[in-house]
Amino acid sequence: MNIATYSRERLGQYMATDGVRFRTGPFVVDLRSTLPAVVEGIHQMYGEYPLIESDHADFYLHLKQPAGIRHWWRPQVCFALDGHEPFKPLPLSQAFPMFEWALNWCVASHMHCYLIIHAAVVERDGCVAVLPAPPGSGKSTLCAGLISRGWRLFSDELALISLKDRRVIPLPRPVGLKNNSIDIMRAYAPQAVIGPNYTDTRKGTVAHMKAPTTSIRRADESGRAAWIVFPKYTAGAEARLTPRDPGQTALYLAQNAFNYSVLGRAGFETLTAVVDGCRCYDFEYSQLDDAIEIFAALELPYA
Amino acid sequence: MSTLNDPLSTDGGLGRRWSILPGTDLLWHPGDDTSLVYDLLSGDTHLLDNLSAMLLDTLSSQPLSEAELLAAVVDDWSLDSQGAAEAVSQRLHNLRQLDLIYLTDS
């Protein structure tokens with residue numbers, strides 16, 4: 001059974017009472033909320049995710065309106081993990097984006113059996129491309145473009161690398177599109193399910209692109225990191241792939257990992273092993289079609 | 001850190017020796033032109049050029065004066081003594097700034 005087994009109304013009833021418990025990648029999420037926007041977002045974006053009947057969930061999340069005046073005046077939404085509220089409330093209109101940000105935070109802050117790097121991750125034929133880059137670099141747009149042309153989505157935010165076998169673990173969830181990239185992807189991938197625009201968030205206007213069905217179904221199939229590509233969108237630029245120093249690459253990843261400092265020796269050894277096994281590039285682009293072509297021709301680092 | 005000599009001193013001569021910080025435990029990951037070094041004591045990761053890596057590795061075995069380090073570099077790297085002196089001095093300064101080495105009287 002998956003979430004879409006329930007009607008929108010039935011899902012709302014479960015989420016308001018016991019909560020809905022579903023799997024995303026290696027994690028089980030238990031979510032409670034009476035907020036219509038959260039129920040709608042889950043129904044639209046997570047319909048194909050499997051429901052879980054286990055007694056245990058990795059994260060017990062609750063999105064709700066605060067008590068008091070902010071329930072009515074300029075209404076807000078709060079997020080709680082295991083009953084604790086780690087963040088300040090956001091405007092109620094941002095309830096579903098808050099769920100997405102909060103779940104990212106939960107994973108990045110707690111799941112230390114993985115080295116977790118801030119990066120988009122896509123896969124083809126068992127080979128994984130890790131796309132780390134600062135905000136505004138076009139990382140999510142490139143990720144969305146690639147998965148609309150046959151690459152499998154692992155994540156658009158969190159690269160999970162197993163400390164045990166150094167394989168990359170999928171966590172396929174909606175791709176967070178921002179500002180101009182929303183209309184770009186609506187035009188580039190008209191078949192994709194893209195939810196409503198949420199305006200005036202701390203990241204500007206945000207919309208979510210549903211993960212492809214195949215990516216959700218194959219969420220238990222890990223991959224081997226083969227490429228680390230730092231994308232950079234530059235208006236009018238010709239697509240160009242430039243080899244990048246592995247040492248600099250490893251240092252950047254260490255600085256942009258969520259839990260590298262927590263992991264100590266294991267983090268260093270995992271990071272260096274992954275970088276050793278990859279080809280590392282800087283990638284400048286302006287046209288998604290050019291990017292798709294170049295990614296299709298990426299050479300494997302191993303036979 | 002109170003037992004260490006003044007870490008801000010630039011005097012690498014006059015018989016004083018450079019040493020790695022007590023308790024330092026380093027993990028190395030050598031590359032072609034650079035080496036990554038993970039300092040288990042501080043949790044810091046550093047990217048060092050080959051000369052810096054060689055100096056740090058040498059000091060991991062025993063404290064040495066700047067003159068002794070310079071002699072090793074001139075022998076191993078076929079550098080002229082003037083260029084080598086400047087390069088070694090600069091790398092030692094950088095390694096000290098990274099809290100990897102310090103000057104000691106011992």
# chains A, B, ... in the order shown; residues from 1 in each chain; ligands from 1
>>> residues_around(residues="stretch 65-72 of chain A", least_positions_apart="3", cutoff="12 Å", atoms="only C-alpha atoms", output="PyMOL selection string")
chain A and resi 33-38+62+75-80+85+88-95
>>> closest_atom_pairs(of="chain A", to="chain B", cutoff="12 Å", atoms="only C-alpha atoms", output="CSV")
residue,atom,partner,partner_atom,distance
A:Asp245,CA,B:Asp33,CA,9.0
A:Pro246,CA,B:Gly31,CA,7.9
A:Gly247,CA,B:Leu36,CA,6.5
A:Gln248,CA,B:Leu47,CA,7.3
A:Thr249,CA,B:Leu47,CA,10.2
A:Ala250,CA,B:Leu36,CA,8.3
A:Leu251,CA,B:Leu47,CA,7.0
A:Tyr252,CA,B:Leu47,CA,10.3
A:Leu253,CA,B:Thr45,CA,10.9
A:Ala254,CA,B:Thr45,CA,7.8
A:Gln255,CA,B:Thr45,CA,8.9
A:Asn259,CA,B:Gly43,CA,11.8
A:Tyr260,CA,B:Gly43,CA,9.1
A:Ser261,CA,B:Gly43,CA,6.4
A:Val262,CA,B:Gly43,CA,8.8
A:Leu263,CA,B:Gly43,CA,9.3
A:Gly264,CA,B:Gly43,CA,6.4
A:Arg265,CA,B:Leu40,CA,7.0
A:Ala266,CA,B:Leu40,CA,10.8
A:Gly267,CA,B:Tyr38,CA,9.9
A:Phe268,CA,B:Tyr38,CA,6.9
A:Glu269,CA,B:His29,CA,8.7
A:Thr270,CA,B:His29,CA,11.5
A:Leu271,CA,B:His29,CA,10.5
A:Thr272,CA,B:His29,CA,7.3
A:Ala273,CA,B:His29,CA,9.4
A:Val275,CA,B:His29,CA,11.0
A:Asp276,CA,B:Gly31,CA,9.3
>>> atom_distance(atom1="atom CA of A:Ser54", atom2="atom CA of A:Tyr6")
18.1 Å
>>> residues_around(residues="A:Thr24", least_positions_apart="3", cutoff="7 Å", atoms="only C-alpha atoms", output="CSV table (one decimal) with N, CA and C atoms, in the first residue's frame")
chain,number,residue,atom,x,y,z
A,27,PHE,N,14.5,5.8,5.4
A,27,PHE,CA,13.9,6.4,6.6
A,27,PHE,C,12.4,6.2,6.6
A,28,VAL,N,11.9,6.0,7.8
A,28,VAL,CA,10.4,5.9,8.0
A,28,VAL,C,10.0,7.2,8.8
A,49,TYR,N,4.7,6.8,-2.3
A,49,TYR,CA,5.6,6.3,-1.2
A,49,TYR,C,4.9,5.3,-0.4
A,171,LEU,N,17.6,8.9,-1.5
A,171,LEU,CA,16.6,9.6,-0.7
A,171,LEU,C,15.7,10.4,-1.6
A,172,PRO,N,15.0,9.7,-2.5
A,172,PRO,CA,14.2,10.5,-3.5
A,172,PRO,C,13.0,11.2,-3.0
>>> select_by_dssp(residues="stretch 251-297 of chain A", states="strand (DSSP E or B)", output="number ranges by chain")
A: 257, 279-285
>>> residues_around(residues="stretch 138-149 of chain A", least_positions_apart="5", cutoff="10 Å", atoms="only C-alpha atoms", output="mmCIF file with N, CA, C and O atoms, in the first residue's frame")
data_model
loop_
_atom_site.group_PDB
_atom_site.id
_atom_site.type_symbol
_atom_site.label_atom_id
_atom_site.label_comp_id
_atom_site.auth_asym_id
_atom_site.auth_seq_id
_atom_site.Cartn_x
_atom_site.Cartn_y
_atom_site.Cartn_z
ATOM 1 N N ALA A 119 24.339 18.307 -1.495
ATOM 2 C CA ALA A 119 24.527 18.102 -2.931
ATOM 3 C C ALA A 119 23.291 17.447 -3.521
ATOM 4 O O ALA A 119 22.583 16.707 -2.837
ATOM 5 N N ALA A 120 23.050 17.723 -4.795
ATOM 6 C CA ALA A 120 22.077 16.937 -5.542
ATOM 7 C C ALA A 120 22.779 15.664 -6.012
ATOM 8 O O ALA A 120 24.002 15.652 -6.188
ATOM 9 N N VAL A 121 21.989 14.607 -6.196
ATOM 10 C CA VAL A 121 22.570 13.327 -6.575
ATOM 11 C C VAL A 121 21.658 12.649 -7.599
ATOM 12 O O VAL A 121 20.451 12.526 -7.371
ATOM 13 N N VAL A 122 22.248 12.230 -8.708
ATOM 14 C CA VAL A 122 21.496 11.498 -9.737
ATOM 15 C C VAL A 122 22.300 10.267 -10.147
ATOM 16 O O VAL A 122 23.524 10.203 -9.916
ATOM 17 N N GLU A 123 21.610 9.317 -10.760
ATOM 18 C CA GLU A 123 22.257 8.036 -11.078
ATOM 19 C C GLU A 123 21.844 7.551 -12.458
ATOM 20 O O GLU A 123 20.721 7.799 -12.917
ATOM 21 N N ARG A 124 22.785 6.845 -13.093
ATOM 22 C CA ARG A 124 22.493 6.202 -14.376
ATOM 23 C C ARG A 124 23.324 4.924 -14.463
ATOM 24 O O ARG A 124 24.528 4.962 -14.229
ATOM 25 N N ALA A 129 26.244 10.493 -9.982
ATOM 26 C CA ALA A 129 26.859 11.824 -10.093
ATOM 27 C C ALA A 129 26.426 12.659 -8.889
ATOM 28 O O ALA A 129 25.232 12.808 -8.638
ATOM 29 N N VAL A 130 27.414 13.150 -8.165
ATOM 30 C CA VAL A 130 27.163 14.019 -7.010
ATOM 31 C C VAL A 130 27.368 15.453 -7.482
ATOM 32 O O VAL A 130 28.401 15.771 -8.081
ATOM 33 N N LEU A 131 26.382 16.302 -7.224
ATOM 34 C CA LEU A 131 26.426 17.687 -7.715
ATOM 35 C C LEU A 131 26.417 18.662 -6.542
ATOM 36 O O LEU A 131 25.357 19.173 -6.171
ATOM 37 N N PRO A 132 27.565 18.906 -5.942
ATOM 38 C CA PRO A 132 27.601 19.856 -4.828
ATOM 39 C C PRO A 132 27.754 21.269 -5.374
ATOM 40 O O PRO A 132 28.409 21.470 -6.402
ATOM 41 N N ALA A 133 27.159 22.207 -4.724
ATOM 42 C CA ALA A 133 27.308 23.594 -5.181
ATOM 43 C C ALA A 133 26.586 24.500 -4.211
ATOM 44 O O ALA A 133 25.635 24.080 -3.555
ATOM 45 N N PHE A 154 18.348 10.561 -6.805
ATOM 46 C CA PHE A 154 18.690 10.118 -5.451
ATOM 47 C C PHE A 154 18.263 11.192 -4.454
ATOM 48 O O PHE A 154 17.675 10.900 -3.441
ATOM 49 N N SER A 155 18.596 12.452 -4.763
ATOM 50 C CA SER A 155 18.212 13.549 -3.877
ATOM 51 C C SER A 155 18.569 14.858 -4.562
ATOM 52 O O SER A 155 19.479 14.888 -5.379
ATOM 53 N N ASP A 156 17.870 15.924 -4.227
ATOM 54 C CA ASP A 156 18.315 17.220 -4.753
ATOM 55 C C ASP A 156 18.980 18.058 -3.664
ATOM 56 O O ASP A 156 19.366 19.191 -3.902
ATOM 57 N N GLU A 157 19.146 17.488 -2.469
ATOM 58 C CA GLU A 157 19.731 18.266 -1.366
ATOM 59 C C GLU A 157 20.784 17.507 -0.559
ATOM 60 O O GLU A 157 21.721 18.112 -0.061
ATOM 61 N N PRO A 174 10.704 15.216 -3.294
ATOM 62 C CA PRO A 174 10.459 16.292 -4.259
ATOM 63 C C PRO A 174 11.675 17.202 -4.439
ATOM 64 O O PRO A 174 12.401 17.491 -3.479
ATOM 65 N N VAL A 175 11.878 17.637 -5.669
ATOM 66 C CA VAL A 175 12.975 18.561 -5.977
ATOM 67 C C VAL A 175 12.489 19.985 -5.703
ATOM 68 O O VAL A 175 11.449 20.395 -6.214
ATOM 69 N N GLY A 176 13.242 20.703 -4.907
ATOM 70 C CA GLY A 176 12.866 22.076 -4.576
ATOM 71 C C GLY A 176 13.331 23.041 -5.661
ATOM 72 O O GLY A 176 14.529 23.286 -5.811
ATOM 73 N N LEU A 177 12.367 23.563 -6.415
ATOM 74 C CA LEU A 177 12.703 24.535 -7.464
ATOM 75 C C LEU A 177 12.510 25.935 -6.907
ATOM 76 O O LEU A 177 11.583 26.183 -6.134
ATOM 77 N N LYS A 178 13.373 26.839 -7.357
ATOM 78 C CA LYS A 178 13.305 28.198 -6.817
ATOM 79 C C LYS A 178 13.262 29.229 -7.945
ATOM 80 O O LYS A 178 13.962 29.095 -8.946
ATOM 81 N N ASN A 180 13.305 31.546 -10.895
ATOM 82 C CA ASN A 180 13.215 31.353 -12.345
ATOM 83 C C ASN A 180 13.162 29.890 -12.761
ATOM 84 O O ASN A 180 12.601 29.541 -13.805
ATOM 85 N N SER A 181 13.777 29.023 -11.955
ATOM 86 C CA SER A 181 13.848 27.618 -12.367
ATOM 87 C C SER A 181 12.467 26.962 -12.371
ATOM 88 O O SER A 181 12.274 25.930 -13.018
ATOM 89 N N ILE A 182 11.505 27.557 -11.682
ATOM 90 C CA ILE A 182 10.160 26.954 -11.650
ATOM 91 C C ILE A 182 9.549 26.990 -13.050
ATOM 92 O O ILE A 182 9.107 25.955 -13.573
ATOM 93 N N ILE A 184 11.121 27.540 -15.828
ATOM 94 C CA ILE A 184 12.002 26.800 -16.741
ATOM 95 C C ILE A 184 11.621 25.323 -16.739
ATOM 96 O O ILE A 184 11.464 24.701 -17.790
ATOM 97 N N MET A 185 11.414 24.760 -15.565
ATOM 98 C CA MET A 185 11.104 23.327 -15.501
ATOM 99 C C MET A 185 9.673 23.031 -15.917
ATOM 100 O O MET A 185 9.397 21.963 -16.468
ATOM 101 N N TYR A 188 10.263 22.856 -19.549
ATOM 102 C CA TYR A 188 11.210 21.826 -19.997
ATOM 103 C C TYR A 188 10.676 20.411 -19.749
ATOM 104 O O TYR A 188 11.002 19.476 -20.463
ATOM 105 N N ALA A 189 9.897 20.270 -18.682
ATOM 106 C CA ALA A 189 9.381 18.942 -18.332
ATOM 107 C C ALA A 189 7.875 19.042 -18.081
ATOM 108 O O ALA A 189 7.416 18.909 -16.949
ATOM 109 N N PRO A 190 7.094 19.261 -19.153
ATOM 110 C CA PRO A 190 5.654 19.452 -18.954
ATOM 111 C C PRO A 190 4.965 18.218 -18.385
ATOM 112 O O PRO A 190 3.881 18.318 -17.814
ATOM 113 N N GLN A 191 5.622 17.056 -18.519
ATOM 114 C CA GLN A 191 5.034 15.829 -17.977
ATOM 115 C C GLN A 191 5.223 15.724 -16.464
ATOM 116 O O GLN A 191 4.557 14.915 -15.807
ATOM 117 N N ALA A 192 6.116 16.510 -15.916
ATOM 118 C CA ALA A 192 6.414 16.415 -14.478
ATOM 119 C C ALA A 192 5.284 17.024 -13.659
ATOM 120 O O ALA A 192 4.601 17.947 -14.104
ATOM 121 N N MET A 209 8.878 19.743 -7.360
ATOM 122 C CA MET A 209 8.682 18.836 -8.494
ATOM 123 C C MET A 209 8.683 17.412 -7.937
ATOM 124 O O MET A 209 9.646 16.999 -7.278
ATOM 125 N N LYS A 210 7.623 16.684 -8.187
ATOM 126 C CA LYS A 210 7.513 15.323 -7.650
ATOM 127 C C LYS A 210 8.635 14.439 -8.194
ATOM 128 O O LYS A 210 9.010 14.544 -9.361
ATOM 129 N N ALA A 211 9.163 13.582 -7.330
ATOM 130 C CA ALA A 211 10.193 12.636 -7.786
ATOM 131 C C ALA A 211 9.587 11.686 -8.811
ATOM 132 O O ALA A 211 8.436 11.269 -8.663
ATOM 133 N N PRO A 212 10.345 11.325 -9.837
ATOM 134 C CA PRO A 212 9.817 10.379 -10.831
ATOM 135 C C PRO A 212 9.443 9.046 -10.189
ATOM 136 O O PRO A 212 10.095 8.593 -9.244
ATOM 137 N N SER A 215 12.185 6.492 -9.721
ATOM 138 C CA SER A 215 13.124 6.820 -8.638
ATOM 139 C C SER A 215 12.544 6.409 -7.290
ATOM 140 O O SER A 215 13.269 5.918 -6.417
ATOM 141 N N VAL A 229 30.548 16.647 -9.712
ATOM 142 C CA VAL A 229 30.467 17.740 -10.688
ATOM 143 C C VAL A 229 29.905 18.977 -9.985
ATOM 144 O O VAL A 229 28.808 18.919 -9.421
ATOM 145 N N PHE A 230 30.665 20.061 -10.046
ATOM 146 C CA PHE A 230 30.226 21.318 -9.434
ATOM 147 C C PHE A 230 29.559 22.166 -10.520
ATOM 148 O O PHE A 230 30.246 22.776 -11.334
ATOM 149 N N PRO A 231 28.216 22.207 -10.539
ATOM 150 C CA PRO A 231 27.549 22.966 -11.599
ATOM 151 C C PRO A 231 27.528 24.456 -11.299
ATOM 152 O O PRO A 231 27.517 24.874 -10.136
ATOM 153 N N LYS A 232 27.548 25.222 -12.364
ATOM 154 C CA LYS A 232 27.390 26.674 -12.214
ATOM 155 C C LYS A 232 26.626 27.192 -13.423
ATOM 156 O O LYS A 232 27.117 27.100 -14.560
ATOM 157 N N TYR A 233 25.437 27.713 -13.165
ATOM 158 C CA TYR A 233 24.660 28.297 -14.246
ATOM 159 C C TYR A 233 25.194 29.700 -14.532
ATOM 160 O O TYR A 233 25.322 30.527 -13.627
ATOM 161 N N THR A 234 25.541 29.964 -15.793
ATOM 162 C CA THR A 234 25.962 31.301 -16.211
ATOM 163 C C THR A 234 25.198 31.641 -17.480
ATOM 164 O O THR A 234 25.321 30.921 -18.488
ATOM 165 N N GLU A 284 30.160 24.455 -16.188
ATOM 166 C CA GLU A 284 29.428 25.699 -16.438
ATOM 167 C C GLU A 284 28.419 25.447 -17.553
ATOM 168 O O GLU A 284 28.738 24.776 -18.531
ATOM 169 N N TYR A 285 27.214 25.984 -17.404
ATOM 170 C CA TYR A 285 26.205 25.750 -18.440
ATOM 171 C C TYR A 285 25.174 26.863 -18.425
ATOM 172 O O TYR A 285 25.024 27.587 -17.438
ATOM 173 N N SER A 286 24.436 26.953 -19.549
ATOM 174 C CA SER A 286 23.290 27.856 -19.583
ATOM 175 C C SER A 286 22.062 27.166 -20.161
ATOM 176 O O SER A 286 20.943 27.579 -19.893
ATOM 177 N N GLN A 287 22.272 26.105 -20.975
ATOM 178 C CA GLN A 287 21.152 25.410 -21.608
ATOM 179 C C GLN A 287 21.065 23.976 -21.080
ATOM 180 O O GLN A 287 22.053 23.233 -21.120
ATOM 181 N N LEU A 288 19.879 23.598 -20.641
ATOM 182 C CA LEU A 288 19.724 22.258 -20.084
ATOM 183 C C LEU A 288 20.017 21.169 -21.120
ATOM 184 O O LEU A 288 20.618 20.142 -20.788
ATOM 185 N N ASP A 289 19.611 21.387 -22.357
ATOM 186 C CA ASP A 289 19.859 20.355 -23.383
ATOM 187 C C ASP A 289 21.351 20.084 -23.544
ATOM 188 O O ASP A 289 21.770 18.939 -23.728
ATOM 189 N N ALA A 291 23.575 20.478 -21.230
ATOM 190 C CA ALA A 291 23.990 19.766 -20.018
ATOM 191 C C ALA A 291 23.641 18.286 -20.111
ATOM 192 O O ALA A 291 24.456 17.420 -19.755
ATOM 193 N N ILE A 292 22.446 18.002 -20.596
ATOM 194 C CA ILE A 292 22.018 16.594 -20.723
ATOM 195 C C ILE A 292 22.987 15.839 -21.640
ATOM 196 O O ILE A 292 23.406 14.716 -21.345
ATOM 197 N N GLU A 293 23.363 16.495 -22.738
ATOM 198 C CA GLU A 293 24.266 15.861 -23.703
ATOM 199 C C GLU A 293 25.631 15.582 -23.077
ATOM 200 O O GLU A 293 26.208 14.501 -23.244
ATOM 201 N N PHE A 295 26.377 15.295 -19.870
ATOM 202 C CA PHE A 295 26.279 14.276 -18.818
ATOM 203 C C PHE A 295 26.136 12.871 -19.418
ATOM 204 O O PHE A 295 26.618 11.898 -18.840
ATOM 205 N N ALA A 296 25.470 12.796 -20.560
ATOM 206 C CA ALA A 296 25.316 11.481 -21.193
ATOM 207 C C ALA A 296 26.663 10.927 -21.638
ATOM 208 O O ALA A 296 26.830 9.709 -21.762
#
>>> select_by_dssp(residues="chain B", states="alpha helix (DSSP H)", output="MDAnalysis selection string")
chainID B and resid 50:61 66:77 81:97
>>> atom_distance(atom1="atom CA of B:Ile20", atom2="atom CA of A:Val274")
28.8 Å
>>> residues_around(residues="A:Gly204", least_positions_apart="4", cutoff="8 Å", atoms="only C-alpha atoms", output="NGL selection string")
:A and (178-179 or 199-200)
>>> write_last_selection(atoms="N, CA, C and O atoms", output="PDB file, in the first residue's frame")
ATOM      1  N   LYS A 178      13.373  26.839  -7.357  1.00  0.00           N
ATOM      2  CA  LYS A 178      13.305  28.198  -6.817  1.00  0.00           C
ATOM      3  C   LYS A 178      13.262  29.229  -7.945  1.00  0.00           C
ATOM      4  O   LYS A 178      13.962  29.095  -8.946  1.00  0.00           O
ATOM      5  N   ASN A 179      12.439  30.222  -7.754  1.00  0.00           N
ATOM      6  CA  ASN A 179      12.403  31.418  -8.606  1.00  0.00           C
ATOM      7  C   ASN A 179      12.340  31.063 -10.095  1.00  0.00           C
ATOM      8  O   ASN A 179      11.450  30.333 -10.502  1.00  0.00           O
ATOM      9  N   THR A 199       5.211  31.747  -2.406  1.00  0.00           N
ATOM     10  CA  THR A 199       5.935  33.011  -2.577  1.00  0.00           C
ATOM     11  C   THR A 199       6.459  33.536  -1.247  1.00  0.00           C
ATOM     12  O   THR A 199       6.003  33.128  -0.174  1.00  0.00           O
ATOM     13  N   ASP A 200       7.419  34.435  -1.346  1.00  0.00           N
ATOM     14  CA  ASP A 200       7.945  35.163  -0.183  1.00  0.00           C
ATOM     15  C   ASP A 200       8.530  34.256   0.894  1.00  0.00           C
ATOM     16  O   ASP A 200       8.452  34.557   2.079  1.00  0.00           O
TER      17      ASP A 200
END
>>> residues_around(residues="A:Tyr198", least_positions_apart="3", cutoff="7 Å", atoms="only C-alpha atoms", output="PDB file with C-alpha atoms, in the first residue's frame")
ATOM      1  CA  GLN A  94       4.708  27.972   3.881  1.00  0.00           C
ATOM      2  CA  THR A 201       9.817  32.311   1.467  1.00  0.00           C
ATOM      3  CA  THR A 205       9.411  31.666  -4.611  1.00  0.00           C
ATOM      4  CA  VAL A 206       9.551  27.904  -4.185  1.00  0.00           C
ATOM      5  CA  ALA A 207       7.751  25.018  -5.888  1.00  0.00           C
TER       6      ALA A 207
END
>>> residues_around(residues="B:Gly15", least_positions_apart="5", cutoff="10 Å", atoms="only C-alpha atoms", output="list in words")
Leu64, Ser65, Glu66, Ala67, Thr104, Asp105 and Ser106 of chain B
>>> write_last_selection(atoms="N, CA and C atoms", output="tab-separated table (two decimals), in the first residue's frame")
chain	number	residue	atom	x	y	z
B	64	LEU	N	62.94	19.40	14.66
B	64	LEU	CA	64.13	19.80	13.92
B	64	LEU	C	64.20	21.32	13.85
B	65	SER	N	65.39	21.83	13.74
B	65	SER	CA	65.56	23.27	13.54
B	65	SER	C	65.24	23.63	12.10
B	66	GLU	N	65.05	24.91	11.87
B	66	GLU	CA	64.77	25.33	10.50
B	66	GLU	C	65.95	25.02	9.59
B	67	ALA	N	67.16	25.16	10.15
B	67	ALA	CA	68.35	24.86	9.34
B	67	ALA	C	68.39	23.39	8.95
B	104	THR	N	59.97	24.96	19.82
B	104	THR	CA	60.29	24.46	21.16
B	104	THR	C	61.79	24.62	21.42
B	105	ASP	N	62.15	24.73	22.68
B	105	ASP	CA	63.57	24.82	23.05
B	105	ASP	C	64.21	23.44	23.18
B	106	SER	N	63.36	22.43	23.30
B	106	SER	CA	63.90	21.09	23.61
B	106	SER	C	64.50	20.45	22.36
>>> atom_distance(atom1="atom CA of A:Ser7", atom2="atom CA of A:Asp55")
23.3 Å
>>> decode(residues="stretch 169-187 of chain A", atoms="N, CA and C atoms", output="tab-separated table (two decimals), in the first residue's frame")
chain	number	residue	atom	x	y	z
A	169	ILE	N	23.33	6.34	-1.09
A	169	ILE	CA	22.01	5.82	-0.75
A	169	ILE	C	20.94	6.79	-1.26
A	170	PRO	N	19.94	6.29	-1.98
A	170	PRO	CA	18.89	7.19	-2.49
A	170	PRO	C	17.98	7.72	-1.39
A	171	LEU	N	17.60	8.95	-1.53
A	171	LEU	CA	16.57	9.56	-0.69
A	171	LEU	C	15.69	10.40	-1.61
A	172	PRO	N	14.95	9.72	-2.51
A	172	PRO	CA	14.24	10.47	-3.55
A	172	PRO	C	13.00	11.16	-2.99
A	173	ARG	N	13.05	12.46	-2.98
A	173	ARG	CA	11.94	13.28	-2.48
A	173	ARG	C	11.74	14.43	-3.47
A	174	PRO	N	10.70	15.22	-3.29
A	174	PRO	CA	10.46	16.29	-4.26
A	174	PRO	C	11.67	17.20	-4.44
A	175	VAL	N	11.88	17.64	-5.67
A	175	VAL	CA	12.97	18.56	-5.98
A	175	VAL	C	12.49	19.98	-5.70
A	176	GLY	N	13.24	20.70	-4.91
A	176	GLY	CA	12.87	22.08	-4.58
A	176	GLY	C	13.33	23.04	-5.66
A	177	LEU	N	12.37	23.56	-6.42
A	177	LEU	CA	12.70	24.54	-7.46
A	177	LEU	C	12.51	25.93	-6.91
A	178	LYS	N	13.37	26.84	-7.36
A	178	LYS	CA	13.31	28.20	-6.82
A	178	LYS	C	13.26	29.23	-7.95
A	179	ASN	N	12.44	30.22	-7.75
A	179	ASN	CA	12.40	31.42	-8.61
A	179	ASN	C	12.34	31.06	-10.09
A	180	ASN	N	13.31	31.55	-10.90
A	180	ASN	CA	13.22	31.35	-12.34
A	180	ASN	C	13.16	29.89	-12.76
A	181	SER	N	13.78	29.02	-11.95
A	181	SER	CA	13.85	27.62	-12.37
A	181	SER	C	12.47	26.96	-12.37
A	182	ILE	N	11.51	27.56	-11.68
A	182	ILE	CA	10.16	26.95	-11.65
A	182	ILE	C	9.55	26.99	-13.05
A	183	ASP	N	9.53	28.17	-13.66
A	183	ASP	CA	8.95	28.26	-15.01
A	183	ASP	C	9.81	27.53	-16.04
A	184	ILE	N	11.12	27.54	-15.83
A	184	ILE	CA	12.00	26.80	-16.74
A	184	ILE	C	11.62	25.32	-16.74
A	185	MET	N	11.41	24.76	-15.56
A	185	MET	CA	11.10	23.33	-15.50
A	185	MET	C	9.67	23.03	-15.92
A	186	ARG	N	8.75	23.96	-15.68
A	186	ARG	CA	7.38	23.72	-16.16
A	186	ARG	C	7.40	23.61	-17.69
A	187	ALA	N	8.25	24.40	-18.34
A	187	ALA	CA	8.33	24.34	-19.80
A	187	ALA	C	9.18	23.15	-20.26
